[in-house]
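Listing of upload.cif; format and content: mmCIF, C-alpha atoms.
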```cif
data_my_file
#
loop_
_atom_site.label_atom_id
_atom_site.label_comp_id
_atom_site.auth_asym_id
_atom_site.auth_seq_id
_atom_site.Cartn_x
_atom_site.Cartn_y
_atom_site.Cartn_z
CA MET F 20 -32.98 21.02 13.32
CA LEU F 21 -30.45 23.47 14.72
CA PRO F 22 -27.09 23.69 12.99
CA GLN F 23 -25.58 22.56 16.30
CA ASP F 24 -27.60 19.33 16.16
CA VAL F 25 -26.28 18.62 12.70
CA HIS F 26 -22.81 19.06 14.12
CA CYS F 27 -23.58 16.59 16.93
CA LEU F 28 -24.84 14.02 14.48
CA ARG F 29 -21.73 14.25 12.39
CA PHE F 30 -19.37 14.22 15.33
CA GLY F 31 -21.19 11.99 17.79
CA SER F 32 -18.37 11.98 20.29
CA VAL F 33 -18.41 15.77 20.60
CA ILE F 34 -21.25 15.26 23.05
CA ILE F 35 -19.12 12.94 25.16
CA ALA F 36 -16.20 15.35 25.04
CA GLY F 37 -18.60 18.09 26.14
CA LEU F 38 -19.77 16.00 29.11
CA ILE F 39 -16.27 15.25 30.31
CA LEU F 40 -14.95 18.74 29.76
CA PRO F 41 -18.00 21.02 29.84
CA ASN F 42 -15.95 24.19 29.53
CA PHE F 43 -14.44 23.21 26.22
CA SER F 44 -15.27 25.50 23.35
CA LYS F 45 -16.51 23.97 20.11
CA ALA F 46 -13.12 24.25 18.47
CA GLU F 47 -11.48 22.40 21.31
CA ALA F 48 -14.20 19.75 21.29
CA VAL F 49 -13.54 19.08 17.63
CA LEU F 50 -9.87 18.77 18.51
CA MET F 51 -10.79 16.11 21.08
CA VAL F 52 -12.57 14.10 18.41
CA THR F 53 -9.52 14.36 16.25
CA PHE F 54 -7.35 13.19 19.12
CA GLU F 55 -9.41 10.00 19.32
CA GLN F 56 -9.19 9.50 15.56
CA VAL F 57 -5.44 10.06 15.57
CA ARG F 58 -5.08 7.71 18.53
CA GLN F 59 -7.06 5.04 16.72
CA ILE F 60 -4.98 5.40 13.57
CA VAL F 61 -1.73 5.20 15.55
CA GLY F 62 -3.06 2.19 17.47
CA ASP F 63 -4.14 0.46 14.25
CA VAL F 64 -0.83 0.97 12.46
CA LEU F 65 1.19 -0.07 15.52
CA GLN F 66 -1.27 -2.90 16.27
CA LEU F 67 -1.44 -1.83 19.91
CA GLY F 68 -4.81 -3.51 20.49
CA ASP F 69 -6.08 -2.77 24.00
CA ARG F 70 -3.10 -0.53 24.67
CA THR F 71 -4.55 2.02 22.23
CA GLU F 72 -7.12 3.16 24.82
CA GLY F 73 -4.35 3.94 27.28
CA LEU F 74 -2.65 6.48 25.01
CA GLN F 75 -3.05 10.06 26.25
CA PRO F 76 -2.20 13.38 24.60
CA GLU F 77 0.98 13.50 26.69
CA THR F 78 2.02 9.95 25.79
CA ALA F 79 5.47 10.08 24.24
CA LEU F 80 5.76 8.31 20.88
CA LEU F 81 9.28 8.39 19.43
CA GLY F 82 11.73 6.68 21.74
CA ASN F 83 8.97 5.56 24.09
CA ILE F 84 6.70 3.13 22.28
CA PRO F 85 9.00 0.35 21.06
CA GLU F 86 6.83 -0.30 18.00
CA PHE F 87 7.26 3.30 16.87
CA ASP F 88 10.09 2.82 14.38
CA SER F 89 10.68 4.52 11.04
CA MET F 90 8.33 2.12 9.24
CA ALA F 91 5.63 3.03 11.76
CA VAL F 92 6.22 6.76 11.28
CA VAL F 93 5.68 6.36 7.54
CA GLY F 94 2.69 4.06 8.13
CA VAL F 95 1.06 6.61 10.44
CA ILE F 96 1.63 9.49 8.02
CA THR F 97 0.19 7.48 5.13
CA ALA F 98 -2.80 6.34 7.18
CA LEU F 99 -3.50 9.92 8.35
CA GLU F 100 -3.41 11.09 4.75
CA GLU F 101 -5.64 8.28 3.48
CA GLN F 102 -8.17 8.27 6.29
CA LEU F 103 -8.42 11.97 7.16
CA GLY F 104 -7.84 13.29 3.66
CA ILE F 105 -5.00 15.55 4.71
CA VAL F 106 -1.85 16.19 2.71
CA VAL F 107 1.40 16.11 4.65
CA GLU F 108 4.23 18.15 3.20
CA ASP F 109 7.34 16.16 3.78
CA ASP F 110 9.36 19.09 4.94
CA ASP F 111 6.81 19.59 7.74
CA ILE F 112 7.74 16.26 9.23
CA SER F 113 9.94 16.76 12.26
CA GLY F 114 10.82 14.89 15.42
CA GLU F 115 8.69 17.35 17.37
CA ILE F 116 5.48 16.21 15.69
CA PHE F 117 6.08 12.65 16.79
CA GLU F 118 7.22 13.54 20.30
CA THR F 119 3.76 13.06 21.82
CA LEU F 120 0.36 12.01 20.59
CA GLY F 121 -0.88 15.50 21.49
CA ASN F 122 1.74 17.07 19.22
CA LEU F 123 0.73 14.75 16.41
CA THR F 124 -2.94 15.66 16.92
CA GLU F 125 -2.12 19.35 16.84
CA PHE F 126 -0.15 18.85 13.64
CA VAL F 127 -3.07 16.98 12.04
CA ASN F 128 -5.43 19.79 13.04
CA SER F 129 -3.17 22.33 11.41
CA LYS F 130 -3.57 20.33 8.19
CA LEU F 131 -7.37 19.92 8.28
CA MET K 194 1.64 -29.41 -8.03
CA ARG K 195 3.49 -26.72 -6.13
CA PHE K 196 6.72 -25.56 -7.76
CA ALA K 197 9.61 -23.27 -6.87
CA ARG K 198 12.35 -22.87 -9.43
CA PHE K 199 14.84 -20.64 -11.13
CA ILE K 200 14.50 -19.95 -14.81
CA GLU K 201 16.90 -18.21 -17.16
CA GLY K 202 15.76 -14.61 -17.24
CA PRO K 203 16.81 -11.53 -19.19
CA ASN K 204 18.53 -10.15 -16.08
CA GLY K 205 20.05 -13.34 -14.68
CA LEU K 206 18.28 -16.11 -12.87
CA LEU K 207 14.63 -15.46 -12.22
CA PHE K 208 12.97 -17.13 -9.26
CA CYS K 209 9.33 -18.06 -9.34
CA THR K 210 6.95 -20.12 -7.28
CA GLY K 211 3.43 -21.23 -7.94
CA TYR K 212 1.21 -24.11 -8.95
CA GLN K 213 1.13 -26.12 -12.11
CA PRO K 214 -1.01 -29.19 -12.70
CA ALA K 215 1.01 -32.42 -12.94
CA HIS K 216 -0.32 -32.95 -16.46
CA GLY K 217 -2.32 -31.03 -18.94
CA SER K 218 -2.14 -27.32 -18.24
CA THR K 219 -3.43 -26.69 -21.78
CA GLY K 220 -6.41 -24.41 -21.76
CA ARG K 221 -6.30 -23.80 -18.04
CA PRO K 222 -6.46 -20.21 -16.86
CA ARG K 223 -3.09 -18.73 -15.89
CA VAL K 224 -2.83 -16.33 -12.98
CA MET K 225 0.21 -14.17 -12.51
CA ILE K 226 0.64 -12.48 -9.14
CA LEU K 227 2.82 -9.39 -8.90
CA PRO K 228 3.94 -8.46 -5.39
CA PRO K 229 5.09 -5.12 -4.00
CA PHE K 230 8.82 -4.78 -3.30
CA GLY K 231 10.98 -4.06 -0.29
CA GLU K 232 9.56 -4.20 3.19
CA GLU K 233 5.99 -4.21 1.85
CA MET K 234 6.70 -7.53 0.14
CA ASN K 235 8.14 -9.04 3.34
CA LYS K 236 4.97 -8.11 5.19
CA SER K 237 2.72 -9.43 2.39
CA ARG K 238 4.14 -12.91 1.89
CA HIS K 239 1.42 -14.69 3.86
CA VAL K 240 -1.38 -13.09 1.84
CA LEU K 241 0.36 -13.84 -1.47
CA ALA K 242 1.02 -17.43 -0.35
CA ALA K 243 -2.67 -17.86 0.51
CA LEU K 244 -3.60 -16.62 -2.97
CA VAL K 245 -1.18 -19.04 -4.63
CA ARG K 246 -2.46 -21.96 -2.57
CA GLN K 247 -6.16 -21.31 -3.03
CA LEU K 248 -5.92 -20.64 -6.76
CA GLY K 249 -3.62 -23.64 -7.26
CA ASP K 250 -5.98 -25.89 -5.36
CA ALA K 251 -8.73 -24.73 -7.69
CA GLY K 252 -6.75 -26.05 -10.67
CA LEU K 253 -5.36 -22.83 -12.10
CA VAL K 254 -1.78 -22.35 -13.25
CA VAL K 255 -0.38 -19.85 -10.73
CA ILE K 256 2.85 -17.88 -11.07
CA LEU K 257 4.16 -15.69 -8.27
CA GLY K 258 6.87 -13.58 -9.79
CA ASP K 259 9.98 -12.55 -7.92
CA LEU K 260 11.32 -9.67 -9.97
CA SER K 261 15.05 -9.15 -10.35
CA GLY K 262 16.71 -7.31 -7.50
CA THR K 263 13.72 -7.58 -5.18
CA GLY K 264 14.11 -10.98 -3.56
CA ASP K 265 15.57 -14.36 -4.49
CA SER K 266 16.05 -13.64 -8.20
CA GLY K 267 19.40 -12.41 -9.46
CA GLY K 268 20.44 -8.79 -9.50
CA GLU K 269 20.66 -6.06 -6.89
CA PHE K 270 17.92 -3.59 -6.09
CA ALA K 271 20.32 -0.81 -7.10
CA GLU K 272 20.23 -2.19 -10.67
CA ALA K 273 16.48 -2.70 -10.76
CA SER K 274 14.45 -0.77 -13.27
CA ILE K 275 10.91 -0.79 -14.57
CA GLY K 276 12.32 -1.90 -17.94
CA ARG K 277 14.00 -4.91 -16.31
CA TRP K 278 10.87 -5.79 -14.40
CA ARG K 279 8.81 -5.63 -17.59
CA ALA K 280 11.29 -8.00 -19.26
CA ASP K 281 11.08 -10.37 -16.26
CA ILE K 282 7.29 -10.38 -16.49
CA GLU K 283 7.42 -11.15 -20.22
CA THR K 284 9.82 -14.04 -19.58
CA LEU K 285 7.55 -15.50 -16.92
CA LEU K 286 4.52 -15.20 -19.18
CA GLU K 287 6.39 -16.98 -21.99
CA GLU K 288 7.63 -19.69 -19.63
CA PHE K 289 4.06 -20.41 -18.61
CA ALA K 290 2.51 -19.66 -21.96
CA GLY K 291 -0.69 -21.53 -22.59
CA THR K 292 -3.95 -21.34 -24.37
CA GLY K 293 -5.96 -20.46 -21.28
CA PRO K 294 -7.09 -16.95 -20.43
CA LEU K 295 -4.63 -14.71 -18.57
CA LYS K 296 -5.50 -13.29 -15.18
CA LEU K 297 -3.35 -10.79 -13.32
CA ILE K 298 -3.29 -9.94 -9.62
CA GLY K 299 -1.17 -7.07 -8.33
CA LEU K 300 -0.70 -5.89 -4.78
CA ARG K 301 0.36 -2.26 -4.05
CA PHE K 302 3.20 -1.42 -6.46
CA GLY K 303 2.61 -4.82 -8.04
CA ALA K 304 -0.84 -3.55 -9.03
CA LEU K 305 0.77 -0.72 -10.95
CA LEU K 306 2.97 -3.29 -12.72
CA ALA K 307 -0.04 -5.54 -13.38
CA ALA K 308 -1.96 -2.68 -15.01
CA ASP K 309 1.18 -1.86 -16.97
CA THR K 310 1.36 -5.49 -18.15
CA ALA K 311 -2.25 -5.19 -19.26
CA GLN K 312 -1.11 -2.51 -21.71
CA ARG K 313 0.71 -5.24 -23.66
CA HIS K 314 -1.45 -8.33 -23.18
CA GLN K 315 -5.05 -9.39 -23.46
CA VAL K 316 -6.18 -9.88 -19.88
CA ASP K 317 -9.31 -11.77 -18.91
CA GLN K 318 -9.38 -10.60 -15.29
CA LEU K 319 -7.30 -7.93 -13.57
CA ALA K 320 -7.38 -7.71 -9.78
CA LEU K 321 -5.77 -4.62 -8.25
CA LEU K 322 -5.24 -4.91 -4.51
CA HIS K 323 -4.91 -1.58 -2.70
CA PRO K 324 -2.92 -0.25 -5.63
CA VAL K 325 -0.28 2.39 -5.50
CA SER K 326 -2.08 4.51 -8.08
CA ASP K 327 0.81 6.83 -8.78
CA GLY K 328 4.47 5.83 -8.71
CA ARG K 329 5.26 9.16 -7.08
CA GLN K 330 3.49 7.92 -3.94
CA GLN K 331 5.78 4.91 -3.83
CA LEU K 332 8.83 7.10 -4.21
CA THR K 333 7.59 9.46 -1.50
CA GLN K 334 7.01 6.53 0.82
CA LEU K 335 10.53 5.20 0.26
CA LEU K 336 12.11 8.58 0.85
CA ARG K 337 9.94 9.13 3.91
CA LEU K 338 11.36 5.94 5.37
CA ARG K 339 14.78 7.50 5.15
CA LEU K 340 13.58 10.80 6.64
CA ALA K 341 11.83 8.92 9.44
CA ALA K 342 15.00 6.94 10.16
CA GLY K 343 16.74 10.32 10.36
CA LEU K 344 14.18 11.48 12.94
CA MET K 345 14.99 8.40 15.00
CA GLY K 346 18.72 9.12 14.80
CA ASN K 347 18.21 12.71 15.86
CA LYS K 348 16.06 11.58 18.74
CA MET K 349 18.87 9.39 20.01
CA SER K 350 21.68 11.90 19.56
CA ASN K 351 19.54 15.01 19.98
CA GLY K 352 21.22 16.19 16.80
CA GLN K 353 20.19 18.96 14.47
CA GLY K 354 20.21 19.54 10.73
CA SER K 355 18.15 16.58 9.59
CA GLU K 356 17.76 15.77 5.92
CA ARG K 357 14.91 17.24 3.96
CA MET K 358 12.81 15.74 1.19
CA VAL K 359 14.02 18.38 -1.28
CA ASP K 360 17.62 17.31 -0.64
CA LEU K 361 16.81 13.70 -1.42
CA THR K 362 14.85 14.47 -4.58
CA ALA K 363 17.63 16.80 -5.72
CA ARG K 364 20.19 14.02 -5.27
CA LEU K 365 18.04 11.62 -7.29
CA ALA K 366 17.49 14.21 -9.99
CA ALA K 367 21.27 14.74 -10.18
CA GLY K 368 21.77 11.07 -10.98
CA GLU K 369 22.78 9.93 -7.51
CA GLY K 370 21.31 6.90 -5.75
CA VAL K 371 19.64 7.22 -2.35
CA GLU K 372 19.55 4.48 0.24
CA ALA K 373 16.23 4.07 2.01
CA ALA K 374 15.33 1.34 4.49
CA GLY K 375 18.27 -0.78 3.36
CA TYR K 376 17.49 -0.51 -0.36
CA LEU K 377 19.68 1.52 -2.69
CA LEU K 378 17.24 3.32 -4.93
CA SER K 379 18.85 4.32 -8.20
CA SER K 380 18.19 7.62 -9.84
CA ALA K 381 16.94 5.78 -12.93
CA LEU K 382 14.40 3.69 -11.03
CA ALA K 383 13.16 6.75 -9.15
CA LYS K 384 12.61 8.50 -12.46
CA GLU K 385 10.81 5.55 -14.04
CA MET K 386 8.73 5.01 -10.94
CA GLN K 387 7.39 8.56 -11.02
CA ALA K 388 6.28 8.10 -14.61
CA LEU K 389 4.12 5.07 -13.81
CA ARG K 390 0.56 6.18 -13.08
CA LEU K 391 -2.74 4.34 -13.29
CA GLU K 392 -4.46 7.42 -14.66
CA ASP K 393 -2.29 7.22 -17.77
CA MET K 394 -3.26 3.63 -18.43
CA SER K 395 -6.04 2.36 -20.57
CA LEU K 396 -7.58 -0.95 -19.63
CA ASP K 397 -8.96 -1.59 -23.10
CA ASN K 398 -7.21 -4.98 -23.21
CA CYS K 399 -8.99 -6.13 -20.04
CA LYS K 400 -12.32 -7.86 -19.90
CA ARG K 401 -12.99 -7.59 -16.19
CA LEU K 402 -11.52 -5.50 -13.39
CA ALA K 403 -11.69 -5.88 -9.62
CA TRP K 404 -10.47 -3.20 -7.26
CA PHE K 405 -9.93 -4.14 -3.63
CA GLU K 406 -9.14 -1.62 -0.95
CA VAL K 407 -8.18 -2.43 2.63
CA ALA K 408 -9.61 -0.13 5.32
CA PRO K 409 -10.44 -0.22 9.04
CA ALA K 410 -14.10 -0.92 8.22
CA ALA K 411 -15.85 -2.34 5.17
CA ASP K 412 -18.23 0.63 4.93
CA ARG K 413 -15.39 3.14 4.45
CA PRO K 414 -15.60 5.08 1.21
CA LEU K 415 -12.93 4.52 -1.41
CA MET K 416 -10.03 6.91 -1.52
CA PRO K 417 -11.01 9.83 -3.79
CA VAL K 418 -8.26 9.01 -6.27
CA SER K 419 -9.57 5.44 -6.58
CA GLN K 420 -13.09 6.66 -7.17
CA ARG K 421 -11.92 8.92 -9.99
CA LEU K 422 -10.09 6.09 -11.74
CA LEU K 423 -12.99 3.68 -11.34
CA ASP K 424 -15.48 6.22 -12.66
CA ARG K 425 -13.40 6.41 -15.79
CA TRP K 426 -12.68 2.72 -16.32
CA GLY K 427 -16.06 1.57 -15.07
CA GLU K 428 -17.81 3.13 -18.04
CA ARG K 429 -16.48 0.51 -20.41
CA LEU K 430 -15.37 -2.31 -18.19
CA ASP K 431 -17.10 -4.93 -16.07
CA THR K 432 -15.84 -3.65 -12.71
CA ARG K 433 -16.13 -4.92 -9.18
CA VAL K 434 -15.16 -2.80 -6.17
CA GLU K 435 -14.81 -4.04 -2.63
CA VAL K 436 -13.51 -2.61 0.63
CA ILE K 437 -12.03 -5.28 2.91
CA ALA K 438 -11.91 -4.64 6.66
CA CYS K 439 -8.50 -5.59 8.01
CA ASP K 440 -5.16 -4.13 9.00
CA GLN K 441 -3.05 -2.72 6.21
CA PHE K 442 -0.82 -5.77 6.51
CA TRP K 443 1.89 -4.51 4.14
CA ILE K 444 2.82 -1.71 6.55
CA THR K 445 1.99 -3.08 10.01
CA GLN K 446 4.70 -3.76 12.56
CA GLU K 447 3.90 -7.44 12.97
CA ILE K 448 2.56 -9.83 10.36
CA ALA K 449 -1.16 -9.06 10.26
CA PRO K 450 -3.66 -11.60 8.95
CA CYS K 451 -6.04 -10.61 6.16
CA ALA K 452 -7.51 -13.93 5.08
CA ARG K 453 -10.62 -12.23 3.77
CA LEU K 454 -8.71 -10.41 1.06
CA ALA K 455 -7.28 -13.64 -0.39
CA ASP K 456 -10.69 -15.32 -0.06
CA ARG K 457 -12.55 -12.55 -1.86
CA VAL K 458 -9.98 -12.22 -4.63
CA CYS K 459 -10.11 -15.97 -5.23
CA GLN K 460 -13.90 -15.99 -5.21
CA TRP K 461 -13.94 -13.28 -7.83
CA LEU K 462 -11.37 -15.03 -10.01
CA LEU K 463 -13.05 -18.41 -9.74
CA ARG K 464 -16.60 -17.15 -10.13
CA ASP K 465 -16.79 -18.53 -13.64
#
```
Structure encoded using structure tokens:
Amino acid sequence: MLPQDVHCLRFGSVIIAGLILPNFSKAEAVLMVTFEQVRQIVGDVLQLGDRTEGLQPETALLGNIPEFDSMAVVGVITALEEQLGIVVEDDDISGEIFETLGNLTEFVNSKL
Amino acid sequence: MRFARFIEGPNGLLFCTGYQPAHGSTGRPRVMILPPFGEEMNKSRHVLAALVRQLGDAGLVVILGDLSGTGDSGGEFAEASIGRWRADIETLLEEFAGTGPLKLIGLRFGALLAADTAQRHQVDQLALLHPVSDGRQQLTQLLRLRLAAGLMGNKMSNGQGSERMVDLTARLAAGEGVEAAGYLLSSALAKEMQALRLEDMSLDNCKRLAWFEVAPAADRPLMPVSQRLLDRWGERLDTRVEVIACDQFWITQEIAPCARLADRVCQWLLRD
């Protein structure tokens, strides 16, 4: 088995990301997977249900999604830490990170 | 018989609800349930109520504690301390003293308090529900609520110079209280909270332990910190571990059902 195949097994959706955006490099493809994970975590904490699927990287969070209050911010941070095994330094937390889902994804990637 | 009453506690009136058989509670198992505090408790009421109901219906003596400063009992949250909460727990255990075995259930920070109670009492069964394993996590979460509220404020006013975590911890260390999410956290409680850690606790007084974690799917692995603790305790203790698939109801926006958690906890407690 090629190392690449191993990678595909572990990150099944990389293949899908590759089909949609064939020019994406591997690093960017991994980022796409993380976007979906982050989206799912945000959707779970905010209990968005079907609305989760509609969230895009450019979707604004703070001040846009009514459910996104301070309790939700803390819930999302805690869930990201628990489920992705990252450690968030509290002084990293800024309004910018929570501006859009894309920003949040980028922040998570910087912590992986 | 369902009850809800105030008893004379060491820190003023102490409110408690639960179940007590109309006659003859002698020899019946007693279950004490310790909830989280603050917003987590508000979001958890339905799960705790389901536990009380199911265990009461099964004929156990059930006590749901309401610790001073956290709800309907006397006292303000600003005066709350781990020492006071310990004294409240002792009072409740004396009030419902009996000859039956003692079982403890703790949810989130309540799990930390339940394990702490097991340092002083013989416990037949201890159920820890998605425990806060280290009081420092609880403190961080409270302070994050304040920082997050600050983010919201800045978003509205487009202001600069938001608070930082180091500022808040410095204020607490200097003896000042910090208000977070409507609760005035005293410097003393913050200090005590940080000192409360599951890894420092021995469960030698417990006969059986159950550890329940709530995750998006039941096949999720335990959090690494949980695994470490269970590896240690599991060597000497009859231990059950279960991951329950449901929303983390104590932190969700709306009240989220998690009937399976109450069901599984009750099944474990009533198994024999």
What residues in chain K lie within 8 Å of chain F, counting only C-alpha atoms, written as a PDB file with C-alpha atoms, in the frame of the given file?
```
ATOM      1  CA  GLN K 334       7.010   6.530   0.820  1.00  0.00           C
ATOM      2  CA  ARG K 337       9.940   9.130   3.910  1.00  0.00           C
ATOM      3  CA  LEU K 338      11.360   5.940   5.370  1.00  0.00           C
ATOM      4  CA  ARG K 339      14.780   7.500   5.150  1.00  0.00           C
ATOM      5  CA  ALA K 341      11.830   8.920   9.440  1.00  0.00           C
ATOM      6  CA  ALA K 342      15.000   6.940  10.160  1.00  0.00           C
ATOM      7  CA  LEU K 344      14.180  11.480  12.940  1.00  0.00           C
ATOM      8  CA  MET K 345      14.990   8.400  15.000  1.00  0.00           C
ATOM      9  CA  ASN K 347      18.210  12.710  15.860  1.00  0.00           C
ATOM     10  CA  LYS K 348      16.060  11.580  18.740  1.00  0.00           C
ATOM     11  CA  MET K 349      18.870   9.390  20.010  1.00  0.00           C
ATOM     12  CA  ARG K 357      14.910  17.240   3.960  1.00  0.00           C
ATOM     13  CA  MET K 358      12.810  15.740   1.190  1.00  0.00           C
ATOM     14  CA  VAL K 359      14.020  18.380  -1.280  1.00  0.00           C
ATOM     15  CA  MET K 416     -10.030   6.910  -1.520  1.00  0.00           C
ATOM     16  CA  ASP K 440      -5.160  -4.130   9.000  1.00  0.00           C
ATOM     17  CA  GLN K 441      -3.050  -2.720   6.210  1.00  0.00           C
ATOM     18  CA  ILE K 444       2.820  -1.710   6.550  1.00  0.00           C
ATOM     19  CA  THR K 445       1.990  -3.080  10.010  1.00  0.00           C
ATOM     20  CA  GLN K 446       4.700  -3.760  12.560  1.00  0.00           C
ATOM     21  CA  GLU K 447       3.900  -7.440  12.970  1.00  0.00           C
TER      22      GLU K 447
END
```
Subject >> Atom-to-atom span, CA of Ile275 (chain K) and CA of Met386 (chain K), Å >> reply: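 Those two atoms sit 7.2 Å apart.
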Subject >> Residues returned when the PyMOL selection byres ((chain K and resi 241) around 12) runs on this file, as number ranges by chain >> reply: K: 210-211, 225-229, 233-240, 242-248, 255-259, 298-301, 303, 322, 442-443, 450-452, 454-456, 458-459
Original post:
So, counting only C-alpha atoms, which residue among F:Val107, F:Arg58, F:Thr53, F:Glu100 is closest to Glu77 (chain F)?
Top reply: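 Among F:Val107, F:Arg58, F:Thr53, F:Glu100, it is F:Arg58 that comes nearest to Glu77 (chain F).
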**OP:** Name the residues in contact with Ser379 (chain K) at a cut-off of 12 Å, using only C-alpha atoms, excluding same-chain residues fewer than 6 positions from it; report them as number ranges by chain.
**Re:** K: 262, 269-275, 332, 335, 361-362, 364-373, 385-386
Subject >> Separation of CA of Ala438 (chain K) from CA of Asp69 (chain F), in Å and rounded to one decimal >> reply: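 Result for CA of Ala438 (chain K) versus CA of Asp69 (chain F): 18.4 Å, one decimal.
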Original post:
the PyMOL selection byres ((chain K and resi 387) around 8) on the file shown: which residues, as a ChimeraX atom specification?
Top reply: /K:327-329,332,383-386,388-390
**OP:** Just give me the gap between CA of Val224 (chain K) and CA of Ile448 (chain K) in Å, one decimal is fine.
**Re:**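 Taking CA of Val224 (chain K) as the start and CA of Ile448 (chain K) as the end point, the length is 24.8 Å.
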Can you tell me, as a short mmCIF file (atom, residue, chain, number, x, y, z; two decimals) with C-alpha atoms, in the frame of the given file, what residues are no more than 9 Å from Thr119 (chain F) when counting only C-alpha atoms, ignoring any on the same chain fewer than 2 positions away?
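out-v2.cif, freshly written:
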```cif
data_model
loop_
_atom_site.label_atom_id
_atom_site.label_comp_id
_atom_site.auth_asym_id
_atom_site.auth_seq_id
_atom_site.Cartn_x
_atom_site.Cartn_y
_atom_site.Cartn_z
CA GLN F 75 -3.05 10.06 26.25
CA PRO F 76 -2.20 13.38 24.60
CA GLU F 77 0.98 13.50 26.69
CA THR F 78 2.02 9.95 25.79
CA ALA F 79 5.47 10.08 24.24
CA LEU F 80 5.76 8.31 20.88
CA LEU F 81 9.28 8.39 19.43
CA GLU F 115 8.69 17.35 17.37
CA ILE F 116 5.48 16.21 15.69
CA PHE F 117 6.08 12.65 16.79
CA GLY F 121 -0.88 15.50 21.49
CA ASN F 122 1.74 17.07 19.22
CA LEU F 123 0.73 14.75 16.41
CA THR F 124 -2.94 15.66 16.92
#
```
Edge lengths and centre, in Å to one decimal, as JSON: that's what I need for the box along x, y and z that holds all listed atoms of region 267-270 of chain K plus 8 Å on each side.
```
{"center_x": 19.3, "center_y": -8.0, "center_z": -7.8, "size_x": 18.7, "size_y": 24.8, "size_z": 19.4}
```
Using all atoms listed in the file, which residues sit within 10 Å of Leu423 (chain K) once same-chain residues fewer than 5 positions away are excluded, as a CSV table (one decimal) with C-alpha atoms, keeping the file's coordinate frame?
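That gives us part20.csv:
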```csv
chain,number,residue,atom,x,y,z
K,392,GLU,CA,-4.5,7.4,-14.7
K,402,LEU,CA,-11.5,-5.5,-13.4
K,403,ALA,CA,-11.7,-5.9,-9.6
K,404,TRP,CA,-10.5,-3.2,-7.3
K,415,LEU,CA,-12.9,4.5,-1.4
K,417,PRO,CA,-11.0,9.8,-3.8
K,418,VAL,CA,-8.3,9.0,-6.3
K,428,GLU,CA,-17.8,3.1,-18.0
K,430,LEU,CA,-15.4,-2.3,-18.2
K,432,THR,CA,-15.8,-3.6,-12.7
K,433,ARG,CA,-16.1,-4.9,-9.2
K,434,VAL,CA,-15.2,-2.8,-6.2
```
Original post:
Care to translate the PyMOL selection byres ((chain K and resi 215-223) around 7) into actual residues of this file, as a PyMOL selection string?
Top reply: chain K and resi 194+213-214+224-225+253-255+291-296
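With all atoms listed in the file as the basis for measurement, K:Gly231 is the residue among K:Gly231, K:Gly202, K:Gly267, K:Gly252 that approaches Gln331 (chain K) most closely.
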Original post:
At a cut-off of 8 Å from (-3.5, 17.7, 9.0) in the coordinates of the file, what residues are picked up using only C-alpha atoms, written as a PyMOL selection string?
Top reply: chain F and resi 99-100+103+105-107+126-131
**OP:** Tell me, as an NGL selection string, which residues lie within 8 Å of Leu260 (chain K), counting only C-alpha atoms; anything in the same chain fewer than 2 positions away does not count.
**Re:** :K and (207-208 or 258 or 262-264 or 266 or 278 or 281-282)
Would you mind completing region 219-228 of chain K so that it carries N, CA and C atoms, and writing it out as an mmCIF file, in the frame of the given file?
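Dumped to selection_17.cif:
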```
data_model
loop_
_atom_site.group_PDB
_atom_site.id
_atom_site.type_symbol
_atom_site.label_atom_id
_atom_site.label_comp_id
_atom_site.auth_asym_id
_atom_site.auth_seq_id
_atom_site.Cartn_x
_atom_site.Cartn_y
_atom_site.Cartn_z
ATOM 1 N N THR K 219 -2.866 -27.295 -20.573
ATOM 2 C CA THR K 219 -3.430 -26.690 -21.780
ATOM 3 C C THR K 219 -4.843 -26.179 -21.513
ATOM 4 N N GLY K 220 -5.049 -24.943 -21.876
ATOM 5 C CA GLY K 220 -6.410 -24.410 -21.760
ATOM 6 C C GLY K 220 -6.785 -23.926 -20.374
ATOM 7 N N ARG K 221 -5.960 -24.257 -19.392
ATOM 8 C CA ARG K 221 -6.300 -23.800 -18.040
ATOM 9 C C ARG K 221 -5.978 -22.324 -17.886
ATOM 10 N N PRO K 222 -6.777 -21.621 -17.097
ATOM 11 C CA PRO K 222 -6.460 -20.210 -16.860
ATOM 12 C C PRO K 222 -5.102 -20.071 -16.163
ATOM 13 N N ARG K 223 -4.372 -19.032 -16.542
ATOM 14 C CA ARG K 223 -3.090 -18.730 -15.890
ATOM 15 C C ARG K 223 -3.266 -17.468 -15.064
ATOM 16 N N VAL K 224 -2.779 -17.515 -13.843
ATOM 17 C CA VAL K 224 -2.830 -16.330 -12.980
ATOM 18 C C VAL K 224 -1.417 -15.909 -12.661
ATOM 19 N N MET K 225 -1.099 -14.670 -12.921
ATOM 20 C CA MET K 225 0.210 -14.170 -12.510
ATOM 21 C C MET K 225 0.005 -13.161 -11.392
ATOM 22 N N ILE K 226 0.760 -13.372 -10.305
ATOM 23 C CA ILE K 226 0.640 -12.480 -9.140
ATOM 24 C C ILE K 226 1.887 -11.613 -9.060
ATOM 25 N N LEU K 227 1.691 -10.306 -8.997
ATOM 26 C CA LEU K 227 2.820 -9.390 -8.900
ATOM 27 C C LEU K 227 2.817 -8.722 -7.525
ATOM 28 N N PRO K 228 3.878 -8.982 -6.765
ATOM 29 C CA PRO K 228 3.940 -8.460 -5.390
ATOM 30 C C PRO K 228 4.491 -7.033 -5.341
#
```
